[in-house]
Amino acid sequence: MKKKLLKIGLFYYLYKHLKIFRNRKPSFHYAEFGEDIFVNRIFKNYEPGIYIDVGCYHPFKGSLTSKLYDKNWNGVNIDISKTSIDLFNIVRKRDINLNYAISDFDGETVFYENSPINQQNSLIKANENQKEVKIKCFTLNRILNDNNIQKFDYLNIDVEGNELKVINGMDFEKYRPNLITIENNNLLLKDYVNSNIYKIFQQNNYTLVNKIGVTNFLMPNNLAKDFMNLIKI
């Protein structure tokens with residue numbers, strides 16, 4: 001019934017605005033585990049910069065970039081959910097908001113949808129009840145090049161198990177964000193540091209500086225050396 005109603009213009013308009021404003025006011029943070037507090041501590045002395053948010057989901061709920069936007073940052077938000085991007089288009093007017101999949105190739109793929117806006121929508125199939133949806137797919141390099149992004153300060157990746165392919169589609173010699181946050185559902189840190197994802201970060205001179213909840217924080221080795229000064233209160 002809900003999916004049928006969402007096809008009605010007025011209902012979909014009200015649905016989008018409800019999705020935004022029911023999550024507009026945080027207690028102290030927007031992110032699930034308060035990761036955005038730590039992101040803002042790292043960037044507290046930075047001039048407004050540029051972020052890239054892959055798997056952006058919602059402009060407020062769970063967002064690691066909302067507080068940066070409020071501090072006059074801007075950037076690129078990307079999600080496989082059209083509804084997610086519709087929400088960003090309403091409240092992130094300075095940003096570029098893109099309804100694409102990000103992987104290690106350019107072309108077309110499918111994702112598996114639980115509902116129009118859902119944190120578990122993914123390029124990886126989880127169960128037989130998910131709807132298969134076709135979507136255009138690009139590497140992160142292609143997105144950055146097409147949108148004339150020569151440099152950016154912060155990269156967030158939350159793509160429900162597809163993180164390795166996102167990383168494989170980025171040129172670390174050309175792009176050196178000062179901070180990368182990436183979803184990591186490995187409970188034990190030793191499992192993560194032995195993973196292919198972390199090996200790629202090590203090869204490109206990034207080091208793990210923190211883990212909050214299911215989010216890992218990585219910085220270039222040269223900045224990581226000054227990590228404690230960056231987060232001073």
# chains A, B, ... in the order shown; residues from 1 in each chain; ligands from 1

$ residues_around --residues "region 130-144 of chain A" --least-positions-apart "2" --cutoff "9 Å" --atoms "only C-alpha atoms" --output "PyMOL selection string"
chain A and resi 54+76+80+99-115+121+125-128+146-151+165-171

$ write_last_selection --atoms "N, CA, C and O atoms" --output "short mmCIF file (atom, residue, chain, number, x, y, z; two decimals), in the first residue's frame"
data_model
loop_
_atom_site.label_atom_id
_atom_site.label_comp_id
_atom_site.auth_asym_id
_atom_site.auth_seq_id
_atom_site.Cartn_x
_atom_site.Cartn_y
_atom_site.Cartn_z
N VAL A 54 29.65 9.21 0.36
CA VAL A 54 29.21 8.08 -0.47
C VAL A 54 28.33 7.17 0.39
O VAL A 54 28.81 6.57 1.35
N VAL A 76 29.72 16.79 -2.22
CA VAL A 76 28.97 15.88 -3.10
C VAL A 76 28.38 14.76 -2.24
O VAL A 76 29.11 14.10 -1.49
N ILE A 80 22.27 5.42 -3.59
CA ILE A 80 21.51 4.61 -4.54
C ILE A 80 20.01 4.86 -4.43
O ILE A 80 19.26 4.53 -5.34
N ASN A 99 22.15 10.57 -7.56
CA ASN A 99 21.50 9.28 -7.39
C ASN A 99 22.20 8.23 -8.27
O ASN A 99 21.70 7.86 -9.33
N TYR A 100 23.38 7.79 -7.81
CA TYR A 100 24.16 6.79 -8.53
C TYR A 100 24.68 5.74 -7.54
O TYR A 100 24.72 5.97 -6.33
N ALA A 101 25.09 4.61 -8.08
CA ALA A 101 25.89 3.65 -7.32
C ALA A 101 27.37 3.97 -7.55
O ALA A 101 27.75 4.42 -8.63
N ILE A 102 28.18 3.74 -6.53
CA ILE A 102 29.63 3.93 -6.65
C ILE A 102 30.31 2.58 -6.47
O ILE A 102 30.08 1.88 -5.48
N SER A 103 31.15 2.22 -7.44
CA SER A 103 31.83 0.92 -7.40
C SER A 103 33.18 1.06 -8.09
O SER A 103 33.76 2.15 -8.12
N ASP A 104 33.67 -0.04 -8.68
CA ASP A 104 34.99 -0.03 -9.33
C ASP A 104 34.88 -0.07 -10.85
O ASP A 104 35.84 -0.44 -11.53
N PHE A 105 33.71 0.31 -11.40
CA PHE A 105 33.54 0.36 -12.85
C PHE A 105 32.47 1.40 -13.19
O PHE A 105 31.69 1.83 -12.33
N ASP A 106 32.47 1.82 -14.45
CA ASP A 106 31.44 2.73 -14.96
C ASP A 106 30.47 1.92 -15.82
O ASP A 106 30.89 1.13 -16.67
N GLY A 107 29.18 2.13 -15.61
CA GLY A 107 28.19 1.40 -16.40
C GLY A 107 26.84 1.38 -15.72
O GLY A 107 26.36 2.40 -15.25
N GLU A 108 26.26 0.22 -15.67
CA GLU A 108 24.95 0.05 -15.05
C GLU A 108 24.98 -1.19 -14.16
O GLU A 108 25.66 -2.17 -14.48
N THR A 109 24.28 -1.13 -13.05
CA THR A 109 24.20 -2.28 -12.15
C THR A 109 22.81 -2.32 -11.54
O THR A 109 21.90 -1.62 -11.98
N VAL A 110 22.62 -3.16 -10.55
CA VAL A 110 21.36 -3.20 -9.82
C VAL A 110 21.67 -3.09 -8.33
O VAL A 110 22.76 -3.45 -7.87
N PHE A 111 20.71 -2.54 -7.57
CA PHE A 111 20.81 -2.61 -6.13
C PHE A 111 19.55 -3.25 -5.58
O PHE A 111 18.55 -3.41 -6.29
N TYR A 112 19.62 -3.60 -4.31
CA TYR A 112 18.54 -4.35 -3.68
C TYR A 112 17.89 -3.48 -2.62
O TYR A 112 18.52 -3.08 -1.64
N GLU A 113 16.63 -3.15 -2.87
CA GLU A 113 15.91 -2.15 -2.09
C GLU A 113 14.98 -2.81 -1.07
O GLU A 113 14.17 -3.66 -1.40
N ASN A 114 15.10 -2.37 0.18
CA ASN A 114 14.18 -2.79 1.23
C ASN A 114 12.97 -1.86 1.30
O ASN A 114 11.85 -2.30 1.53
N SER A 115 13.22 -0.56 1.12
CA SER A 115 12.18 0.47 1.07
C SER A 115 12.81 1.69 0.41
O SER A 115 14.03 1.75 0.23
N ASN A 121 19.55 -0.67 2.17
CA ASN A 121 19.57 -0.78 0.71
C ASN A 121 21.02 -0.95 0.28
O ASN A 121 21.91 -0.25 0.78
N LYS A 125 22.90 -8.37 -2.30
CA LYS A 125 21.60 -8.94 -1.97
C LYS A 125 21.63 -9.58 -0.58
O LYS A 125 22.52 -10.34 -0.25
N ALA A 126 20.60 -9.25 0.23
CA ALA A 126 20.54 -9.78 1.59
C ALA A 126 19.43 -10.81 1.77
O ALA A 126 19.58 -11.75 2.56
N ASN A 127 18.32 -10.65 1.04
CA ASN A 127 17.22 -11.60 1.18
C ASN A 127 16.33 -11.55 -0.06
O ASN A 127 16.46 -10.68 -0.91
N GLU A 128 15.39 -12.49 -0.13
CA GLU A 128 14.53 -12.63 -1.30
C GLU A 128 13.41 -11.60 -1.35
O GLU A 128 12.72 -11.48 -2.36
N ASP A 146 34.02 14.34 -13.36
CA ASP A 146 32.86 14.91 -14.04
C ASP A 146 32.35 16.17 -13.34
O ASP A 146 31.73 17.03 -13.98
N ASN A 147 32.58 16.26 -12.03
CA ASN A 147 32.10 17.42 -11.28
C ASN A 147 33.22 18.40 -10.93
O ASN A 147 33.04 19.28 -10.09
N ASN A 148 34.36 18.23 -11.62
CA ASN A 148 35.48 19.15 -11.51
C ASN A 148 35.96 19.32 -10.06
O ASN A 148 36.28 20.43 -9.63
N ILE A 149 35.98 18.22 -9.32
CA ILE A 149 36.51 18.24 -7.95
C ILE A 149 37.99 17.90 -8.01
O ILE A 149 38.37 16.75 -8.24
N GLN A 150 38.84 18.88 -7.84
CA GLN A 150 40.28 18.68 -7.92
C GLN A 150 40.88 18.26 -6.58
O GLN A 150 41.91 17.58 -6.52
N LYS A 151 40.21 18.68 -5.50
CA LYS A 151 40.73 18.43 -4.16
C LYS A 151 39.55 18.44 -3.21
O LYS A 151 38.62 19.21 -3.37
N LYS A 165 35.13 -1.90 -3.13
CA LYS A 165 35.00 -1.49 -4.53
C LYS A 165 35.00 0.03 -4.67
O LYS A 165 35.51 0.56 -5.66
N VAL A 166 34.44 0.72 -3.68
CA VAL A 166 34.50 2.19 -3.71
C VAL A 166 35.95 2.66 -3.62
O VAL A 166 36.40 3.51 -4.40
N ILE A 167 36.69 2.09 -2.69
CA ILE A 167 38.10 2.45 -2.50
C ILE A 167 38.93 2.13 -3.74
O ILE A 167 39.81 2.89 -4.15
N ASN A 168 38.64 1.00 -4.38
CA ASN A 168 39.38 0.61 -5.58
C ASN A 168 39.11 1.55 -6.76
O ASN A 168 39.87 1.53 -7.74
N GLY A 169 38.07 2.35 -6.67
CA GLY A 169 37.75 3.29 -7.74
C GLY A 169 38.24 4.70 -7.49
O GLY A 169 37.80 5.64 -8.16
N MET A 170 39.18 4.87 -6.53
CA MET A 170 39.71 6.20 -6.22
C MET A 170 41.22 6.22 -6.39
O MET A 170 41.92 5.31 -5.95
N ASP A 171 41.72 7.27 -7.01
CA ASP A 171 43.15 7.44 -7.25
C ASP A 171 43.77 8.17 -6.05
O ASP A 171 43.62 9.39 -5.90
#

$ residues_around --residues "Asp36 (chain A)" --least-positions-apart "4" --cutoff "9 Å" --atoms "only C-alpha atoms" --output "MDAnalysis selection string"
chainID A and resid 29:32 40:41 62:68

$ write_last_selection --atoms "all heavy atoms" --output "mmCIF file, in the first residue's frame"
data_model
loop_
_atom_site.group_PDB
_atom_site.id
_atom_site.type_symbol
_atom_site.label_atom_id
_atom_site.label_comp_id
_atom_site.auth_asym_id
_atom_site.auth_seq_id
_atom_site.Cartn_x
_atom_site.Cartn_y
_atom_site.Cartn_z
ATOM 1 N N HIS A 29 24.034 15.174 18.670
ATOM 2 C CA HIS A 29 24.699 14.733 17.437
ATOM 3 C C HIS A 29 23.670 14.113 16.510
ATOM 4 O O HIS A 29 22.563 13.757 16.908
ATOM 5 C CB HIS A 29 25.793 13.718 17.767
ATOM 6 C CG HIS A 29 25.292 12.516 18.519
ATOM 7 N ND1 HIS A 29 24.688 11.438 17.896
ATOM 8 C CD2 HIS A 29 25.282 12.237 19.845
ATOM 9 C CE1 HIS A 29 24.343 10.543 18.802
ATOM 10 N NE2 HIS A 29 24.680 10.988 19.986
ATOM 11 N N TYR A 30 24.050 13.992 15.229
ATOM 12 C CA TYR A 30 23.199 13.354 14.237
ATOM 13 C C TYR A 30 23.591 11.891 14.003
ATOM 14 O O TYR A 30 22.739 11.045 13.782
ATOM 15 C CB TYR A 30 23.286 14.099 12.896
ATOM 16 C CG TYR A 30 22.636 15.462 12.899
ATOM 17 C CD1 TYR A 30 23.403 16.622 12.801
ATOM 18 C CD2 TYR A 30 21.260 15.589 12.970
ATOM 19 C CE1 TYR A 30 22.809 17.872 12.782
ATOM 20 C CE2 TYR A 30 20.653 16.841 12.950
ATOM 21 C CZ TYR A 30 21.438 17.986 12.858
ATOM 22 O OH TYR A 30 20.844 19.211 12.838
ATOM 23 N N ALA A 31 24.880 11.618 14.004
ATOM 24 C CA ALA A 31 25.360 10.278 13.682
ATOM 25 C C ALA A 31 24.967 9.285 14.774
ATOM 26 O O ALA A 31 24.818 9.642 15.945
ATOM 27 C CB ALA A 31 26.878 10.289 13.502
ATOM 28 N N GLU A 32 24.824 8.034 14.381
ATOM 29 C CA GLU A 32 24.303 7.005 15.283
ATOM 30 C C GLU A 32 25.123 6.859 16.550
ATOM 31 O O GLU A 32 24.592 6.682 17.651
ATOM 32 C CB GLU A 32 24.248 5.672 14.544
ATOM 33 C CG GLU A 32 23.575 4.560 15.314
ATOM 34 C CD GLU A 32 23.427 3.289 14.492
ATOM 35 O OE1 GLU A 32 23.921 3.251 13.347
ATOM 36 O OE2 GLU A 32 22.826 2.340 15.010
ATOM 37 N N ASN A 40 33.945 16.832 13.710
ATOM 38 C CA ASN A 40 34.015 18.285 13.898
ATOM 39 C C ASN A 40 35.176 18.692 14.789
ATOM 40 O O ASN A 40 35.713 19.792 14.626
ATOM 41 C CB ASN A 40 32.691 18.791 14.461
ATOM 42 C CG ASN A 40 31.641 18.970 13.385
ATOM 43 O OD1 ASN A 40 31.560 20.017 12.752
ATOM 44 N ND2 ASN A 40 30.860 17.935 13.139
ATOM 45 N N ARG A 41 35.594 17.838 15.700
ATOM 46 C CA ARG A 41 36.783 18.148 16.497
ATOM 47 C C ARG A 41 38.026 18.162 15.614
ATOM 48 O O ARG A 41 38.894 19.025 15.750
ATOM 49 C CB ARG A 41 36.953 17.124 17.622
ATOM 50 C CG ARG A 41 36.028 17.362 18.796
ATOM 51 C CD ARG A 41 36.284 16.381 19.910
ATOM 52 N NE ARG A 41 37.612 16.533 20.501
ATOM 53 C CZ ARG A 41 38.061 15.769 21.494
ATOM 54 N NH1 ARG A 41 37.290 14.798 21.978
ATOM 55 N NH2 ARG A 41 39.263 15.965 21.987
ATOM 56 N N GLY A 62 21.712 10.290 11.090
ATOM 57 C CA GLY A 62 22.895 9.483 10.816
ATOM 58 C C GLY A 62 23.985 10.198 10.056
ATOM 59 O O GLY A 62 24.994 9.586 9.694
ATOM 60 N N SER A 63 23.838 11.502 9.818
ATOM 61 C CA SER A 63 24.769 12.218 8.941
ATOM 62 C C SER A 63 26.050 12.634 9.659
ATOM 63 O O SER A 63 26.011 13.199 10.755
ATOM 64 C CB SER A 63 24.090 13.463 8.362
ATOM 65 O OG SER A 63 25.006 14.193 7.565
ATOM 66 N N LEU A 64 27.180 12.393 9.006
ATOM 67 C CA LEU A 64 28.477 12.858 9.504
ATOM 68 C C LEU A 64 28.885 14.186 8.886
ATOM 69 O O LEU A 64 29.918 14.746 9.247
ATOM 70 C CB LEU A 64 29.569 11.807 9.234
ATOM 71 C CG LEU A 64 29.711 10.691 10.276
ATOM 72 C CD1 LEU A 64 28.484 9.801 10.310
ATOM 73 C CD2 LEU A 64 30.956 9.852 9.995
ATOM 74 N N THR A 65 28.080 14.694 7.946
ATOM 75 C CA THR A 65 28.441 15.941 7.249
ATOM 76 C C THR A 65 27.487 17.099 7.534
ATOM 77 O O THR A 65 27.770 18.226 7.133
ATOM 78 C CB THR A 65 28.479 15.717 5.730
ATOM 79 O OG1 THR A 65 27.189 15.289 5.271
ATOM 80 C CG2 THR A 65 29.517 14.660 5.360
ATOM 81 N N SER A 66 26.372 16.857 8.211
ATOM 82 C CA SER A 66 25.378 17.916 8.416
ATOM 83 C C SER A 66 25.948 19.113 9.173
ATOM 84 O O SER A 66 25.724 20.265 8.805
ATOM 85 C CB SER A 66 24.160 17.361 9.162
ATOM 86 O OG SER A 66 23.177 18.364 9.318
ATOM 87 N N LYS A 67 26.702 18.841 10.240
ATOM 88 C CA LYS A 67 27.274 19.938 11.018
ATOM 89 C C LYS A 67 28.329 20.707 10.215
ATOM 90 O O LYS A 67 28.489 21.923 10.394
ATOM 91 C CB LYS A 67 27.867 19.404 12.324
ATOM 92 C CG LYS A 67 26.813 18.965 13.342
ATOM 93 C CD LYS A 67 27.461 18.428 14.596
ATOM 94 C CE LYS A 67 26.411 18.062 15.643
ATOM 95 N NZ LYS A 67 25.706 19.233 16.183
ATOM 96 N N LEU A 68 29.041 20.008 9.334
ATOM 97 C CA LEU A 68 30.002 20.691 8.473
ATOM 98 C C LEU A 68 29.273 21.617 7.497
ATOM 99 O O LEU A 68 29.727 22.741 7.245
ATOM 100 C CB LEU A 68 30.847 19.670 7.706
ATOM 101 C CG LEU A 68 31.802 18.805 8.542
ATOM 102 C CD1 LEU A 68 32.490 17.774 7.657
ATOM 103 C CD2 LEU A 68 32.824 19.670 9.275
#

$ residues_around --residues "Arg94 (chain A)" --least-positions-apart "6" --cutoff "10 Å" --atoms "only C-alpha atoms" --output "list in words"
Tyr69, Asn72, Trp73, Asn74, Gly75, Val76 and Phe88 of chain A

$ write_last_selection --atoms "N, CA, C and O atoms" --output "PDB file, in the first residue's frame"
ATOM      1  N   TYR A  69      28.166  21.142   6.953  1.00  0.00           N
ATOM      2  CA  TYR A  69      27.372  21.982   6.049  1.00  0.00           C
ATOM      3  C   TYR A  69      26.925  23.254   6.772  1.00  0.00           C
ATOM      4  O   TYR A  69      26.953  24.349   6.190  1.00  0.00           O
ATOM      5  N   ASN A  72      29.333  26.069   6.718  1.00  0.00           N
ATOM      6  CA  ASN A  72      29.620  26.589   5.365  1.00  0.00           C
ATOM      7  C   ASN A  72      30.517  25.689   4.520  1.00  0.00           C
ATOM      8  O   ASN A  72      31.070  26.137   3.512  1.00  0.00           O
ATOM      9  N   TRP A  73      30.655  24.418   4.918  1.00  0.00           N
ATOM     10  CA  TRP A  73      31.253  23.464   4.006  1.00  0.00           C
ATOM     11  C   TRP A  73      30.234  23.131   2.915  1.00  0.00           C
ATOM     12  O   TRP A  73      29.048  23.449   3.027  1.00  0.00           O
ATOM     13  N   ASN A  74      30.701  22.497   1.860  1.00  0.00           N
ATOM     14  CA  ASN A  74      29.802  21.957   0.842  1.00  0.00           C
ATOM     15  C   ASN A  74      30.491  20.751   0.203  1.00  0.00           C
ATOM     16  O   ASN A  74      31.647  20.465   0.494  1.00  0.00           O
ATOM     17  N   GLY A  75      29.746  20.029  -0.638  1.00  0.00           N
ATOM     18  CA  GLY A  75      30.360  18.869  -1.237  1.00  0.00           C
ATOM     19  C   GLY A  75      29.446  18.089  -2.146  1.00  0.00           C
ATOM     20  O   GLY A  75      28.518  18.645  -2.745  1.00  0.00           O
ATOM     21  N   VAL A  76      29.717  16.788  -2.224  1.00  0.00           N
ATOM     22  CA  VAL A  76      28.974  15.881  -3.100  1.00  0.00           C
ATOM     23  C   VAL A  76      28.384  14.765  -2.243  1.00  0.00           C
ATOM     24  O   VAL A  76      29.106  14.104  -1.490  1.00  0.00           O
ATOM     25  N   PHE A  88      18.108  15.414   0.056  1.00  0.00           N
ATOM     26  CA  PHE A  88      19.287  16.287   0.014  1.00  0.00           C
ATOM     27  C   PHE A  88      19.050  17.493  -0.889  1.00  0.00           C
ATOM     28  O   PHE A  88      19.511  18.597  -0.592  1.00  0.00           O
TER      29      PHE A  88
END

$ closest_residue --among "A:Tyr13, A:Asn162, A:Leu187, A:Ile52" --to "Tyr175 (chain A)" --atoms "only C-alpha atoms"
A:Ile52

$ closest_residue --among "A:Phe21, A:Val159, A:Leu179, A:Lys82" --to "Leu230 (chain A)" --atoms "only C-alpha atoms"
A:Leu179

$ atom_distance --atom1 "CA of Gln119 (chain A)" --atom2 "CA of Val39 (chain A)"
20.6 Å

$ select_by_dssp --residues "region 144-212 of chain A" --states "helix (DSSP H, G or I)" --output "PDB file with N, CA and C atoms, in the first residue's frame"
ATOM      1  N   LEU A 144      34.282  12.462  -9.401  1.00  0.00           N
ATOM      2  CA  LEU A 144      35.091  13.631  -9.055  1.00  0.00           C
ATOM      3  C   LEU A 144      35.513  14.387 -10.303  1.00  0.00           C
ATOM      4  N   ASN A 145      35.926  13.667 -11.326  1.00  0.00           N
ATOM      5  CA  ASN A 145      36.342  14.288 -12.573  1.00  0.00           C
ATOM      6  C   ASN A 145      35.178  14.999 -13.265  1.00  0.00           C
ATOM      7  N   ASP A 146      34.019  14.336 -13.360  1.00  0.00           N
ATOM      8  CA  ASP A 146      32.865  14.913 -14.042  1.00  0.00           C
ATOM      9  C   ASP A 146      32.350  16.169 -13.343  1.00  0.00           C
ATOM     10  N   GLU A 163      32.364  -1.322   0.382  1.00  0.00           N
ATOM     11  CA  GLU A 163      33.408  -0.323   0.618  1.00  0.00           C
ATOM     12  C   GLU A 163      34.682  -0.584  -0.181  1.00  0.00           C
ATOM     13  N   LEU A 164      35.095  -1.846  -0.300  1.00  0.00           N
ATOM     14  CA  LEU A 164      36.330  -2.164  -1.018  1.00  0.00           C
ATOM     15  C   LEU A 164      36.263  -1.705  -2.465  1.00  0.00           C
ATOM     16  N   LYS A 165      35.130  -1.901  -3.125  1.00  0.00           N
ATOM     17  CA  LYS A 165      35.001  -1.494  -4.525  1.00  0.00           C
ATOM     18  C   LYS A 165      34.998   0.031  -4.670  1.00  0.00           C
ATOM     19  N   VAL A 166      34.443   0.724  -3.678  1.00  0.00           N
ATOM     20  CA  VAL A 166      34.501   2.195  -3.705  1.00  0.00           C
ATOM     21  C   VAL A 166      35.948   2.656  -3.624  1.00  0.00           C
ATOM     22  N   ILE A 167      36.693   2.090  -2.686  1.00  0.00           N
ATOM     23  CA  ILE A 167      38.103   2.450  -2.500  1.00  0.00           C
ATOM     24  C   ILE A 167      38.926   2.128  -3.743  1.00  0.00           C
ATOM     25  N   ASN A 168      38.636   0.997  -4.380  1.00  0.00           N
ATOM     26  CA  ASN A 168      39.378   0.610  -5.585  1.00  0.00           C
ATOM     27  C   ASN A 168      39.108   1.550  -6.757  1.00  0.00           C
ATOM     28  N   LEU A 189      39.102  -5.408  16.084  1.00  0.00           N
ATOM     29  CA  LEU A 189      39.968  -4.545  15.293  1.00  0.00           C
ATOM     30  C   LEU A 189      41.009  -5.345  14.521  1.00  0.00           C
ATOM     31  N   LYS A 190      41.470  -6.454  15.078  1.00  0.00           N
ATOM     32  CA  LYS A 190      42.487  -7.268  14.410  1.00  0.00           C
ATOM     33  C   LYS A 190      41.970  -7.826  13.076  1.00  0.00           C
ATOM     34  N   ASP A 191      40.659  -8.070  12.991  1.00  0.00           N
ATOM     35  CA  ASP A 191      40.083  -8.545  11.731  1.00  0.00           C
ATOM     36  C   ASP A 191      40.143  -7.453  10.667  1.00  0.00           C
ATOM     37  N   TYR A 192      39.962  -6.216  11.108  1.00  0.00           N
ATOM     38  CA  TYR A 192      39.973  -5.104  10.154  1.00  0.00           C
ATOM     39  C   TYR A 192      41.382  -4.818   9.641  1.00  0.00           C
ATOM     40  N   VAL A 193      42.349  -4.816  10.527  1.00  0.00           N
ATOM     41  CA  VAL A 193      43.712  -4.466  10.098  1.00  0.00           C
ATOM     42  C   VAL A 193      44.307  -5.557   9.206  1.00  0.00           C
ATOM     43  N   ASN A 196      41.602  -6.530   3.277  1.00  0.00           N
ATOM     44  CA  ASN A 196      42.120  -5.923   2.042  1.00  0.00           C
ATOM     45  C   ASN A 196      41.921  -4.414   2.039  1.00  0.00           C
ATOM     46  N   ILE A 197      40.822  -3.942   2.639  1.00  0.00           N
ATOM     47  CA  ILE A 197      40.576  -2.500   2.694  1.00  0.00           C
ATOM     48  C   ILE A 197      41.696  -1.797   3.448  1.00  0.00           C
ATOM     49  N   TYR A 198      42.029  -2.312   4.622  1.00  0.00           N
ATOM     50  CA  TYR A 198      43.053  -1.643   5.414  1.00  0.00           C
ATOM     51  C   TYR A 198      44.422  -1.736   4.754  1.00  0.00           C
ATOM     52  N   LYS A 199      44.687  -2.840   4.079  1.00  0.00           N
ATOM     53  CA  LYS A 199      45.955  -2.977   3.365  1.00  0.00           C
ATOM     54  C   LYS A 199      46.093  -1.903   2.286  1.00  0.00           C
ATOM     55  N   ILE A 200      44.979  -1.581   1.603  1.00  0.00           N
ATOM     56  CA  ILE A 200      45.010  -0.520   0.590  1.00  0.00           C
ATOM     57  C   ILE A 200      45.314   0.817   1.248  1.00  0.00           C
ATOM     58  N   PHE A 201      44.691   1.081   2.387  1.00  0.00           N
ATOM     59  CA  PHE A 201      44.972   2.328   3.096  1.00  0.00           C
ATOM     60  C   PHE A 201      46.441   2.400   3.513  1.00  0.00           C
ATOM     61  N   GLN A 202      46.974   1.305   4.027  1.00  0.00           N
ATOM     62  CA  GLN A 202      48.384   1.288   4.425  1.00  0.00           C
ATOM     63  C   GLN A 202      49.304   1.539   3.238  1.00  0.00           C
ATOM     64  N   GLN A 203      49.010   0.895   2.119  1.00  0.00           N
ATOM     65  CA  GLN A 203      49.823   1.069   0.914  1.00  0.00           C
ATOM     66  C   GLN A 203      49.822   2.514   0.438  1.00  0.00           C
TER      67      GLN A 203
END

$ residues_around --residues "Asn222 (chain A)" --least-positions-apart "3" --cutoff "10 Å" --atoms "only C-alpha atoms" --output "mmCIF file with N, CA and C atoms, in the first residue's frame"
data_model
loop_
_atom_site.group_PDB
_atom_site.id
_atom_site.type_symbol
_atom_site.label_atom_id
_atom_site.label_comp_id
_atom_site.auth_asym_id
_atom_site.auth_seq_id
_atom_site.Cartn_x
_atom_site.Cartn_y
_atom_site.Cartn_z
ATOM 1 N N ASN A 178 42.063 14.744 3.944
ATOM 2 C CA ASN A 178 42.692 14.786 5.264
ATOM 3 C C ASN A 178 42.055 13.810 6.243
ATOM 4 N N ASN A 205 49.595 5.106 2.478
ATOM 5 C CA ASN A 205 50.081 5.944 3.584
ATOM 6 C C ASN A 205 48.962 6.615 4.377
ATOM 7 N N TYR A 206 47.919 5.833 4.666
ATOM 8 C CA TYR A 206 46.873 6.245 5.602
ATOM 9 C C TYR A 206 46.946 5.338 6.824
ATOM 10 N N THR A 207 46.640 5.914 7.986
ATOM 11 C CA THR A 207 46.686 5.126 9.205
ATOM 12 C C THR A 207 45.385 5.274 9.987
ATOM 13 N N MET A 219 43.615 8.805 8.595
ATOM 14 C CA MET A 219 44.235 10.052 8.160
ATOM 15 C C MET A 219 45.558 9.753 7.476
ATOM 16 N N LYS A 225 50.382 12.060 12.631
ATOM 17 C CA LYS A 225 51.418 12.341 13.624
ATOM 18 C C LYS A 225 51.029 13.501 14.523
ATOM 19 N N ASP A 226 50.191 14.400 14.001
ATOM 20 C CA ASP A 226 49.757 15.570 14.766
ATOM 21 C C ASP A 226 48.324 15.408 15.269
ATOM 22 N N PHE A 227 47.871 14.166 15.310
ATOM 23 C CA PHE A 227 46.475 13.865 15.612
ATOM 24 C C PHE A 227 46.015 14.435 16.953
#

$ residues_around --residues "Gly213 (chain A)" --least-positions-apart "4" --cutoff "12 Å" --atoms "only C-alpha atoms" --output "list in words"
Ala31, Glu32, Phe33, Gly34, Glu35, Asp36, Phe38, Thr181, Ile182, Glu183, Asn184, Asn185, Asn186, Leu187, Leu188, Leu189 and Phe217 of chain A

$ atom_distance --atom1 "CA of Arg176 (chain A)" --atom2 "CA of Asn45 (chain A)"
18.6 Å

$ select_by_dssp --residues "region 16-199 of chain A" --states "strand (DSSP E)" --output "PyMOL selection string"
chain A and resi 50-54+74-78+96-98+101-102+107-113+131-138+154-157+179-183

$ atom_distance --atom1 "CA of Asn210 (chain A)" --atom2 "CA of Asn97 (chain A)"
28.2 Å

$ decode --residues "region 69-95 of chain A" --atoms "C-alpha atoms" --output "JSON list (two decimals), in the first residue's frame"
[["chain", "number", "residue", "atom", "x", "y", "z"],
["A", 69, "TYR", "CA", 27.37, 21.98, 6.05],
["A", 70, "ASP", "CA", 26.11, 24.28, 8.81],
["A", 71, "LYS", "CA", 29.69, 25.62, 9.08],
["A", 72, "ASN", "CA", 29.62, 26.59, 5.36],
["A", 73, "TRP", "CA", 31.25, 23.46, 4.01],
["A", 74, "ASN", "CA", 29.80, 21.96, 0.84],
["A", 75, "GLY", "CA", 30.36, 18.87, -1.24],
["A", 76, "VAL", "CA", 28.97, 15.88, -3.10],
["A", 77, "ASN", "CA", 26.37, 13.51, -1.64],
["A", 78, "ILE", "CA", 25.79, 10.19, -3.41],
["A", 79, "ASP", "CA", 23.24, 7.47, -2.72],
["A", 80, "ILE", "CA", 21.51, 4.61, -4.54],
["A", 81, "SER", "CA", 18.16, 5.75, -3.14],
["A", 82, "LYS", "CA", 16.35, 8.36, -5.25],
["A", 83, "THR", "CA", 14.36, 9.38, -2.18],
["A", 84, "SER", "CA", 17.54, 10.04, -0.21],
["A", 85, "ILE", "CA", 18.81, 12.34, -2.95],
["A", 86, "ASP", "CA", 15.42, 14.08, -3.17],
["A", 87, "LEU", "CA", 15.78, 14.91, 0.53],
["A", 88, "PHE", "CA", 19.29, 16.29, 0.01],
["A", 89, "ASN", "CA", 18.06, 18.41, -2.88],
["A", 90, "ILE", "CA", 15.55, 20.04, -0.53],
["A", 91, "VAL", "CA", 17.96, 21.00, 2.28],
["A", 92, "ARG", "CA", 21.50, 20.88, 0.82],
["A", 93, "LYS", "CA", 21.18, 23.54, -1.86],
["A", 94, "ARG", "CA", 24.93, 24.25, -2.00],
["A", 95, "ASP", "CA", 25.78, 20.58, -2.52]]
